Amino acid sequence: MSTERPLLEVNGLKKHFPIRGGLLGQETARVYAVDGVTFDVRRGETLSIVGESGCGKSTVGRAILRLFDITEGEVYLSGERIDNMPATRLRPIRQRVQVVFQDPFSSLNPRMRVRDILAEPIRNFGLAKNRRDLNEKVEALMDKVRLPRDAVGRFPHEFSGGQRQRIGIARALAPGADLIICDEAVSALDVSVKAQIINLLADLQDELGLALLFISHDLATVEHLTHRVAVMYLGKIVEVADRRTLFAEPHHPYTRALLSAVPVPDPTAKRQRIILKGDVPSPINPPSGCRFHTRCPFVFDRCRVEEPILRHVGSAPGHSSACHLDEVPGGPVVPD
Ligand code: SF4
């Protein structure tokens, strides 16, 4: 096992957004968007953060990108603390950590040709020696994302959704990033296009040693891409495991419910669907005890008053789950 420090370390991250009201704009409530999240991502690794809308997964990505200050916790990149770094020192971090959003159309300037979209970060970070070098770098990016070089003169609206996402990926690669946060990056795409973009990301990861933090509401999307999965519910990670373990031996009832909605490739095999009641509760007033207790099919008294902690479960290294049922001797006891 590698002793090298992870590329990204997130320790006890909290992000609470104040809600202000009244004449003086005083704080009247808080949105507990992320409430104590710890994980790491190694070089060349993909970690997926999965959960329903409103679970806080995108807030985690934005906190790492330093789009706002965090409430509590620490974020390290290659061992250097970045969550409290002054804005004047963030430039090299912005070069190394890039993002690909769900909707490339709204994140690409419609009035810029692809050549200029890709040249901008190369210029901004002073990565080209001269104009010719700049053009060669732009063409190399087009090759990397498998778009024709002669398309650099076109505008974003002249591309399909999948091609636009390739441009978004090329732009993320342009400054030489070593961590790319993919925030629902393939969610808006058709199934076949989605598969192509996932394959492209996997190939780029192999070629460039990229680390990917893949944020998705859908476990099926990450199944063929990820090395590890962290499942989030209402601001907390409730289970984390390597891909094989999570899909074969899920412990947490929420993970099991999410997995039950993932289609099984073998048509003769059946997976019992677990339908969760209601929606994710408001992060303004999260439930006491286990935050999942209002929807959990296996809730019992203790769940309503005592918060379960993330603890090692099963036999696979790095497999943790936060559920009181995991403490019962004899291993996983969640009924099938
Ligand atoms: Fe369900 Fe209780 Fe486990 Fe929470 S702690 S997931 S409510 S059984």
# chains A, B, ... in the order shown; residues from 1 in each chain; ligands from 1
>>> select_by_dssp(residues="stretch 57-137 of chain A", states="strand (DSSP E)", output="ChimeraX atom specification")
/A:72-77,80-81,97-100
>>> write_last_selection(atoms="N, CA and C atoms", output="short mmCIF file (atom, residue, chain, number, x, y, z; two decimals), in the first residue's frame")
data_model
loop_
_atom_site.label_atom_id
_atom_site.label_comp_id
_atom_site.auth_asym_id
_atom_site.auth_seq_id
_atom_site.Cartn_x
_atom_site.Cartn_y
_atom_site.Cartn_z
N GLU A 72 -15.94 25.06 8.88
CA GLU A 72 -15.06 24.30 9.78
C GLU A 72 -14.37 23.21 8.97
N GLY A 73 -13.23 22.74 9.46
CA GLY A 73 -12.55 21.63 8.80
C GLY A 73 -11.28 22.08 8.10
N GLU A 74 -10.67 21.15 7.39
CA GLU A 74 -9.41 21.42 6.71
C GLU A 74 -9.42 20.73 5.35
N VAL A 75 -8.81 21.40 4.37
CA VAL A 75 -8.64 20.82 3.03
C VAL A 75 -7.17 20.95 2.66
N TYR A 76 -6.55 19.84 2.27
CA TYR A 76 -5.14 19.84 1.88
C TYR A 76 -5.00 19.37 0.44
N LEU A 77 -4.11 20.05 -0.30
CA LEU A 77 -3.75 19.59 -1.64
C LEU A 77 -2.25 19.31 -1.62
N GLU A 80 -0.52 20.54 1.39
CA GLU A 80 -0.56 21.97 1.71
C GLU A 80 -1.99 22.38 2.01
N ARG A 81 -2.17 23.04 3.14
CA ARG A 81 -3.53 23.42 3.53
C ARG A 81 -4.03 24.56 2.64
N VAL A 97 -6.49 22.49 -9.70
CA VAL A 97 -7.82 21.92 -9.44
C VAL A 97 -8.82 22.57 -10.40
N GLN A 98 -9.38 21.77 -11.26
CA GLN A 98 -10.32 22.29 -12.26
C GLN A 98 -11.66 21.58 -12.11
N VAL A 99 -12.67 22.13 -12.78
CA VAL A 99 -14.02 21.58 -12.64
C VAL A 99 -14.67 21.42 -14.01
N VAL A 100 -15.47 20.39 -14.12
CA VAL A 100 -16.34 20.23 -15.30
C VAL A 100 -17.76 20.17 -14.76
#
>>> residues_near_ligand(ligand="ligand 1", cutoff="10 Å", atoms="only C-alpha atoms and all ligand atoms", output="mmCIF file with N, CA, C and O atoms, in the first residue's frame")
data_model
loop_
_atom_site.group_PDB
_atom_site.id
_atom_site.type_symbol
_atom_site.label_atom_id
_atom_site.label_comp_id
_atom_site.auth_asym_id
_atom_site.auth_seq_id
_atom_site.Cartn_x
_atom_site.Cartn_y
_atom_site.Cartn_z
ATOM 1 N N VAL A 238 -22.375 8.540 4.673
ATOM 2 C CA VAL A 238 -22.951 7.442 5.452
ATOM 3 C C VAL A 238 -22.279 6.106 5.139
ATOM 4 O O VAL A 238 -22.379 5.163 5.922
ATOM 5 N N HIS A 251 -23.652 -1.925 3.082
ATOM 6 C CA HIS A 251 -24.118 -2.094 4.460
ATOM 7 C C HIS A 251 -25.245 -1.146 4.806
ATOM 8 O O HIS A 251 -26.236 -1.536 5.387
ATOM 9 N N HIS A 252 -25.038 0.128 4.477
ATOM 10 C CA HIS A 252 -25.976 1.139 4.965
ATOM 11 C C HIS A 252 -27.326 1.030 4.245
ATOM 12 O O HIS A 252 -27.371 0.882 3.014
ATOM 13 N N PRO A 253 -28.433 1.129 4.986
ATOM 14 C CA PRO A 253 -29.753 1.035 4.341
ATOM 15 C C PRO A 253 -29.956 2.051 3.211
ATOM 16 O O PRO A 253 -30.630 1.754 2.232
ATOM 17 N N TYR A 254 -29.361 3.244 3.343
ATOM 18 C CA TYR A 254 -29.522 4.232 2.267
ATOM 19 C C TYR A 254 -28.787 3.774 1.004
ATOM 20 O O TYR A 254 -29.312 3.865 -0.099
ATOM 21 N N THR A 255 -27.575 3.253 1.174
ATOM 22 C CA THR A 255 -26.829 2.735 0.014
ATOM 23 C C THR A 255 -27.612 1.605 -0.638
ATOM 24 O O THR A 255 -27.707 1.512 -1.859
ATOM 25 N N GLY A 289 -30.550 12.473 15.838
ATOM 26 C CA GLY A 289 -30.029 11.104 15.762
ATOM 27 C C GLY A 289 -29.481 10.812 14.380
ATOM 28 O O GLY A 289 -28.719 11.596 13.818
ATOM 29 N N CYS A 290 -29.871 9.679 13.822
ATOM 30 C CA CYS A 290 -29.474 9.349 12.452
ATOM 31 C C CYS A 290 -30.310 10.198 11.498
ATOM 32 O O CYS A 290 -31.543 10.157 11.540
ATOM 33 N N ARG A 291 -29.646 10.932 10.641
ATOM 34 C CA ARG A 291 -30.384 11.840 9.740
ATOM 35 C C ARG A 291 -31.276 11.093 8.759
ATOM 36 O O ARG A 291 -32.171 11.676 8.161
ATOM 37 N N PHE A 292 -31.016 9.822 8.591
ATOM 38 C CA PHE A 292 -31.796 9.021 7.644
ATOM 39 C C PHE A 292 -33.026 8.407 8.320
ATOM 40 O O PHE A 292 -33.818 7.739 7.662
ATOM 41 N N HIS A 293 -33.206 8.660 9.625
ATOM 42 C CA HIS A 293 -34.207 7.865 10.352
ATOM 43 C C HIS A 293 -35.641 8.116 9.878
ATOM 44 O O HIS A 293 -36.508 7.257 10.004
ATOM 45 N N THR A 294 -35.903 9.319 9.317
ATOM 46 C CA THR A 294 -37.287 9.601 8.881
ATOM 47 C C THR A 294 -37.673 8.807 7.636
ATOM 48 O O THR A 294 -38.844 8.744 7.279
ATOM 49 N N ARG A 295 -36.695 8.212 6.973
ATOM 50 C CA ARG A 295 -36.992 7.467 5.734
ATOM 51 C C ARG A 295 -36.510 6.028 5.781
ATOM 52 O O ARG A 295 -36.725 5.267 4.835
ATOM 53 N N CYS A 296 -35.825 5.660 6.847
ATOM 54 C CA CYS A 296 -35.190 4.335 6.882
ATOM 55 C C CYS A 296 -36.230 3.242 7.160
ATOM 56 O O CYS A 296 -36.983 3.332 8.129
ATOM 57 N N PRO A 297 -36.252 2.193 6.339
ATOM 58 C CA PRO A 297 -37.218 1.104 6.575
ATOM 59 C C PRO A 297 -36.892 0.298 7.838
ATOM 60 O O PRO A 297 -37.722 -0.485 8.283
ATOM 61 N N PHE A 298 -35.685 0.482 8.403
ATOM 62 C CA PHE A 298 -35.260 -0.350 9.534
ATOM 63 C C PHE A 298 -35.089 0.453 10.818
ATOM 64 O O PHE A 298 -34.433 0.021 11.753
ATOM 65 N N VAL A 299 -35.683 1.651 10.852
ATOM 66 C CA VAL A 299 -35.491 2.552 11.992
ATOM 67 C C VAL A 299 -35.950 1.888 13.300
ATOM 68 O O VAL A 299 -36.935 1.142 13.331
ATOM 69 N N PHE A 300 -35.208 2.143 14.378
ATOM 70 C CA PHE A 300 -35.636 1.725 15.715
ATOM 71 C C PHE A 300 -35.312 2.868 16.683
ATOM 72 O O PHE A 300 -34.745 3.886 16.285
ATOM 73 N N ASP A 301 -35.731 2.712 17.938
ATOM 74 C CA ASP A 301 -35.728 3.859 18.867
ATOM 75 C C ASP A 301 -34.389 4.592 18.931
ATOM 76 O O ASP A 301 -34.331 5.816 18.906
ATOM 77 N N ARG A 302 -33.318 3.837 19.037
ATOM 78 C CA ARG A 302 -31.995 4.451 19.209
ATOM 79 C C ARG A 302 -31.669 5.409 18.055
ATOM 80 O O ARG A 302 -30.996 6.422 18.243
ATOM 81 N N CYS A 303 -32.140 5.063 16.855
ATOM 82 C CA CYS A 303 -31.827 5.870 15.662
ATOM 83 C C CYS A 303 -32.329 7.301 15.796
ATOM 84 O O CYS A 303 -31.768 8.226 15.213
ATOM 85 N N ARG A 304 -33.403 7.494 16.540
ATOM 86 C CA ARG A 304 -34.028 8.824 16.627
ATOM 87 C C ARG A 304 -33.280 9.748 17.586
ATOM 88 O O ARG A 304 -33.468 10.963 17.545
ATOM 89 N N VAL A 305 -32.446 9.201 18.439
ATOM 90 C CA VAL A 305 -31.797 10.037 19.453
ATOM 91 C C VAL A 305 -30.271 10.038 19.363
ATOM 92 O O VAL A 305 -29.624 10.981 19.811
ATOM 93 N N GLU A 306 -29.692 9.011 18.806
ATOM 94 C CA GLU A 306 -28.224 8.917 18.814
ATOM 95 C C GLU A 306 -27.692 8.862 17.386
ATOM 96 O O GLU A 306 -28.127 8.025 16.584
ATOM 97 N N GLU A 307 -26.744 9.753 17.118
ATOM 98 C CA GLU A 307 -26.184 9.788 15.764
ATOM 99 C C GLU A 307 -25.171 8.655 15.590
ATOM 100 O O GLU A 307 -24.229 8.547 16.379
ATOM 101 N N PRO A 308 -25.315 7.814 14.573
ATOM 102 C CA PRO A 308 -24.331 6.748 14.363
ATOM 103 C C PRO A 308 -23.043 7.321 13.774
ATOM 104 O O PRO A 308 -23.102 8.275 12.993
ATOM 105 N N ILE A 309 -21.899 6.764 14.159
ATOM 106 C CA ILE A 309 -20.641 7.266 13.598
ATOM 107 C C ILE A 309 -20.163 6.313 12.507
ATOM 108 O O ILE A 309 -20.542 5.134 12.478
ATOM 109 N N SER A 321 -19.269 2.368 7.418
ATOM 110 C CA SER A 321 -20.701 2.666 7.328
ATOM 111 C C SER A 321 -21.128 3.313 8.644
ATOM 112 O O SER A 321 -20.552 3.026 9.700
ATOM 113 N N ALA A 322 -22.131 4.194 8.570
ATOM 114 C CA ALA A 322 -22.626 4.873 9.775
ATOM 115 C C ALA A 322 -24.064 4.437 10.027
ATOM 116 O O ALA A 322 -25.009 5.091 9.569
ATOM 117 N N CYS A 323 -24.226 3.316 10.708
ATOM 118 C CA CYS A 323 -25.568 2.794 11.000
ATOM 119 C C CYS A 323 -25.485 1.980 12.281
ATOM 120 O O CYS A 323 -24.562 1.187 12.450
ATOM 121 N N HIS A 324 -26.449 2.156 13.189
ATOM 122 C CA HIS A 324 -26.430 1.398 14.440
ATOM 123 C C HIS A 324 -26.549 -0.105 14.196
ATOM 124 O O HIS A 324 -26.085 -0.902 15.021
ATOM 125 N N LEU A 325 -27.140 -0.490 13.075
ATOM 126 C CA LEU A 325 -27.271 -1.927 12.795
ATOM 127 C C LEU A 325 -25.909 -2.591 12.609
ATOM 128 O O LEU A 325 -25.770 -3.794 12.819
ATOM 129 N N ASP A 326 -24.908 -1.808 12.211
ATOM 130 C CA ASP A 326 -23.574 -2.376 11.996
ATOM 131 C C ASP A 326 -22.920 -2.828 13.297
ATOM 132 O O ASP A 326 -21.948 -3.568 13.279
ATOM 133 N N GLU A 327 -23.442 -2.338 14.421
ATOM 134 C CA GLU A 327 -22.832 -2.690 15.700
ATOM 135 C C GLU A 327 -23.325 -4.024 16.238
ATOM 136 O O GLU A 327 -22.779 -4.556 17.190
ATOM 137 N N VAL A 333 -26.757 -6.935 9.382
ATOM 138 C CA VAL A 333 -28.011 -7.556 9.763
ATOM 139 C C VAL A 333 -29.208 -6.882 9.114
ATOM 140 O O VAL A 333 -30.331 -7.141 9.481
ATOM 141 N N VAL A 334 -28.945 -5.998 8.147
ATOM 142 C CA VAL A 334 -30.071 -5.353 7.481
ATOM 143 C C VAL A 334 -30.872 -6.415 6.751
ATOM 144 O O VAL A 334 -30.335 -7.196 5.992
#
>>> atom_distance(atom1="atom CA of A:Val138", atom2="atom CA of A:Ala188")
26.0 Å
>>> select_by_dssp(residues="stretch 1-125 of chain A", states="helix (DSSP H, G or I)", output="PyMOL selection string")
chain A and resi 57-64+87-89+91-96+104-107+114-124
>>> residues_around(residues="A:Gln163", least_positions_apart="6", cutoff="10 Å", atoms="only C-alpha atoms", output="VMD selection string")
chain A and resid 104 145 to 147 156 169 193 197
>>> closest_atom_pairs(of="stretch 135-182 of chain A", to="stretch 32-49 of chain A", cutoff="12 Å", atoms="only C-alpha atoms", output="Markdown table")
| residue | atom | partner | partner_atom | distance |
| --- | --- | --- | --- | --- |
| A:Ala177 | CA | A:Arg43 | CA | 11.6 |
| A:Asp178 | CA | A:Arg43 | CA | 7.8 |
| A:Leu179 | CA | A:Arg43 | CA | 8.1 |
| A:Ile180 | CA | A:Thr46 | CA | 9.6 |
| A:Ile181 | CA | A:Ser48 | CA | 9.8 |
| A:Cys182 | CA | A:Ser48 | CA | 9.2 |
>>> closest_residue(among="A:Ala63, A:Ala202, A:Leu210, A:Ile274", to="A:Leu13", atoms="only C-alpha atoms")
A:Ala63
>>> residues_around(residues="A:Phe101", least_positions_apart="3", cutoff="10 Å", atoms="only C-alpha atoms", output="list in words")
Pro104, Phe105, Ser106, Ser107, Gln165, Gly168, Ile169, Ile181, Cys182, Asp183, Glu184, Ala185, Val186, Ser187 and Ile215 of chain A
>>> write_last_selection(atoms="all heavy atoms", output="CSV table (one decimal), in the first residue's frame")
chain,number,residue,atom,x,y,z
A,104,PRO,N,-22.4,22.2,-20.0
A,104,PRO,CA,-21.3,22.9,-20.6
A,104,PRO,C,-21.7,24.1,-21.4
A,104,PRO,O,-20.9,25.0,-21.5
A,104,PRO,CB,-20.7,21.8,-21.6
A,104,PRO,CG,-21.8,20.8,-21.8
A,104,PRO,CD,-22.6,20.8,-20.6
A,105,PHE,N,-23.0,24.1,-21.8
A,105,PHE,CA,-23.4,25.2,-22.6
A,105,PHE,C,-23.4,26.5,-21.8
A,105,PHE,O,-23.0,27.6,-22.3
A,105,PHE,CB,-24.9,25.0,-23.1
A,105,PHE,CG,-25.2,25.8,-24.4
A,105,PHE,CD1,-24.3,25.9,-25.4
A,105,PHE,CD2,-26.4,26.4,-24.5
A,105,PHE,CE1,-24.5,26.6,-26.5
A,105,PHE,CE2,-26.7,27.1,-25.6
A,105,PHE,CZ,-25.7,27.2,-26.6
A,106,SER,N,-23.8,26.4,-20.5
A,106,SER,CA,-23.8,27.6,-19.7
A,106,SER,C,-22.5,27.9,-19.1
A,106,SER,O,-22.2,29.1,-18.7
A,106,SER,CB,-24.9,27.5,-18.6
A,106,SER,OG,-24.5,26.5,-17.7
A,107,SER,N,-21.5,27.0,-19.2
A,107,SER,CA,-20.2,27.3,-18.6
A,107,SER,C,-19.2,27.6,-19.7
A,107,SER,O,-18.1,28.0,-19.4
A,107,SER,CB,-19.7,26.1,-17.8
A,107,SER,OG,-19.5,25.0,-18.5
A,165,GLN,N,-19.3,18.9,-23.9
A,165,GLN,CA,-18.7,18.4,-22.7
A,165,GLN,C,-17.2,18.1,-22.9
A,165,GLN,O,-16.4,18.2,-22.0
A,165,GLN,CB,-19.5,17.2,-22.1
A,165,GLN,CG,-19.4,16.9,-20.7
A,165,GLN,CD,-19.7,18.2,-19.8
A,165,GLN,OE1,-19.0,19.2,-19.9
A,165,GLN,NE2,-20.6,18.0,-18.9
A,168,GLY,N,-15.5,21.2,-22.5
A,168,GLY,CA,-15.4,21.5,-21.1
A,168,GLY,C,-14.2,20.7,-20.5
A,168,GLY,O,-13.5,21.2,-19.6
A,169,ILE,N,-14.1,19.5,-20.9
A,169,ILE,CA,-13.0,18.6,-20.3
A,169,ILE,C,-11.6,19.2,-20.8
A,169,ILE,O,-10.7,19.3,-20.0
A,169,ILE,CB,-13.2,17.2,-20.7
A,169,ILE,CG1,-14.4,16.6,-20.0
A,169,ILE,CG2,-11.9,16.3,-20.3
A,169,ILE,CD1,-14.9,15.3,-20.5
A,181,ILE,N,-12.7,18.1,-10.7
A,181,ILE,CA,-14.0,17.8,-10.1
A,181,ILE,C,-15.0,17.8,-11.1
A,181,ILE,O,-15.2,18.7,-11.9
A,181,ILE,CB,-14.2,18.9,-9.0
A,181,ILE,CG1,-13.1,18.9,-7.9
A,181,ILE,CG2,-15.6,18.7,-8.4
A,181,ILE,CD1,-13.2,20.0,-6.9
A,182,CYS,N,-15.7,16.6,-11.3
A,182,CYS,CA,-16.7,16.5,-12.3
A,182,CYS,C,-18.0,16.5,-11.6
A,182,CYS,O,-18.5,15.6,-10.9
A,182,CYS,CB,-16.6,15.1,-13.0
A,182,CYS,SG,-15.0,14.9,-13.8
A,183,ASP,N,-18.7,17.7,-11.7
A,183,ASP,CA,-19.9,17.9,-10.9
A,183,ASP,C,-21.1,17.6,-11.8
A,183,ASP,O,-21.5,18.4,-12.6
A,183,ASP,CB,-20.0,19.3,-10.4
A,183,ASP,CG,-21.1,19.5,-9.4
A,183,ASP,OD1,-21.9,18.6,-9.2
A,183,ASP,OD2,-21.3,20.6,-8.9
A,184,GLU,N,-21.7,16.4,-11.7
A,184,GLU,CA,-22.8,15.9,-12.5
A,184,GLU,C,-22.4,16.0,-14.0
A,184,GLU,O,-23.3,16.4,-14.8
A,184,GLU,CB,-24.1,16.6,-12.2
A,184,GLU,CG,-24.6,16.5,-10.7
A,184,GLU,CD,-25.3,15.2,-10.5
A,184,GLU,OE1,-25.2,14.2,-11.3
A,184,GLU,OE2,-25.9,15.1,-9.3
A,185,ALA,N,-21.1,15.8,-14.3
A,185,ALA,CA,-20.6,16.1,-15.6
A,185,ALA,C,-21.3,15.3,-16.8
A,185,ALA,O,-21.2,15.8,-17.9
A,185,ALA,CB,-19.1,15.9,-15.6
A,186,VAL,N,-21.9,14.2,-16.5
A,186,VAL,CA,-22.5,13.4,-17.6
A,186,VAL,C,-24.0,13.3,-17.4
A,186,VAL,O,-24.7,12.6,-18.1
A,186,VAL,CB,-21.8,12.0,-17.7
A,186,VAL,CG1,-20.4,12.2,-18.1
A,186,VAL,CG2,-22.0,11.2,-16.5
A,187,SER,N,-24.5,13.9,-16.3
A,187,SER,CA,-25.9,13.7,-16.0
A,187,SER,C,-26.9,14.1,-17.1
A,187,SER,O,-28.0,13.5,-17.2
A,187,SER,CB,-26.3,14.4,-14.7
A,187,SER,OG,-25.5,14.0,-13.7
A,215,ILE,N,-18.9,13.7,-8.9
A,215,ILE,CA,-20.1,14.0,-8.1
A,215,ILE,C,-21.3,13.6,-8.9
A,215,ILE,O,-21.4,14.1,-10.0
A,215,ILE,CB,-20.1,15.5,-7.7
A,215,ILE,CG1,-18.9,15.8,-6.7
A,215,ILE,CG2,-21.4,15.9,-7.0
A,215,ILE,CD1,-18.6,17.3,-6.5
>>> atom_distance(atom1="atom CA of A:His227", atom2="atom CA of A:Ala241")
8.9 Å
>>> closest_residue(among="A:Leu213, A:Pro263, A:Val240, A:Phe247", to="A:Arg62", atoms="only C-alpha atoms")
A:Leu213
>>> residues_around(residues="A:Ile275", least_positions_apart="2", cutoff="10 Å", atoms="only C-alpha atoms", output="ChimeraX atom specification")
/A:257-258,260-261,272-273,277-278,295-297
>>> write_last_selection(atoms="C-alpha atoms", output="PDB file, in the first residue's frame")
ATOM      1  CA  ALA A 257     -31.934   1.705  -1.378  1.00  0.00           C
ATOM      2  CA  LEU A 258     -29.887   3.638  -3.950  1.00  0.00           C
ATOM      3  CA  SER A 260     -31.808  -1.254  -5.552  1.00  0.00           C
ATOM      4  CA  ALA A 261     -32.669   1.322  -8.233  1.00  0.00           C
ATOM      5  CA  GLN A 272     -35.475  -6.180  -4.701  1.00  0.00           C
ATOM      6  CA  ARG A 273     -36.401  -2.512  -5.060  1.00  0.00           C
ATOM      7  CA  LYS A 277     -40.599   7.307   1.679  1.00  0.00           C
ATOM      8  CA  GLY A 278     -40.696  11.045   1.052  1.00  0.00           C
ATOM      9  CA  ARG A 295     -36.992   7.467   5.734  1.00  0.00           C
ATOM     10  CA  CYS A 296     -35.190   4.335   6.882  1.00  0.00           C
ATOM     11  CA  PRO A 297     -37.218   1.104   6.575  1.00  0.00           C
TER      12      PRO A 297
END
>>> closest_residue(among="A:Leu212, A:Leu259, A:Leu189, A:Leu200", to="A:Gly61", atoms="only C-alpha atoms")
A:Leu212
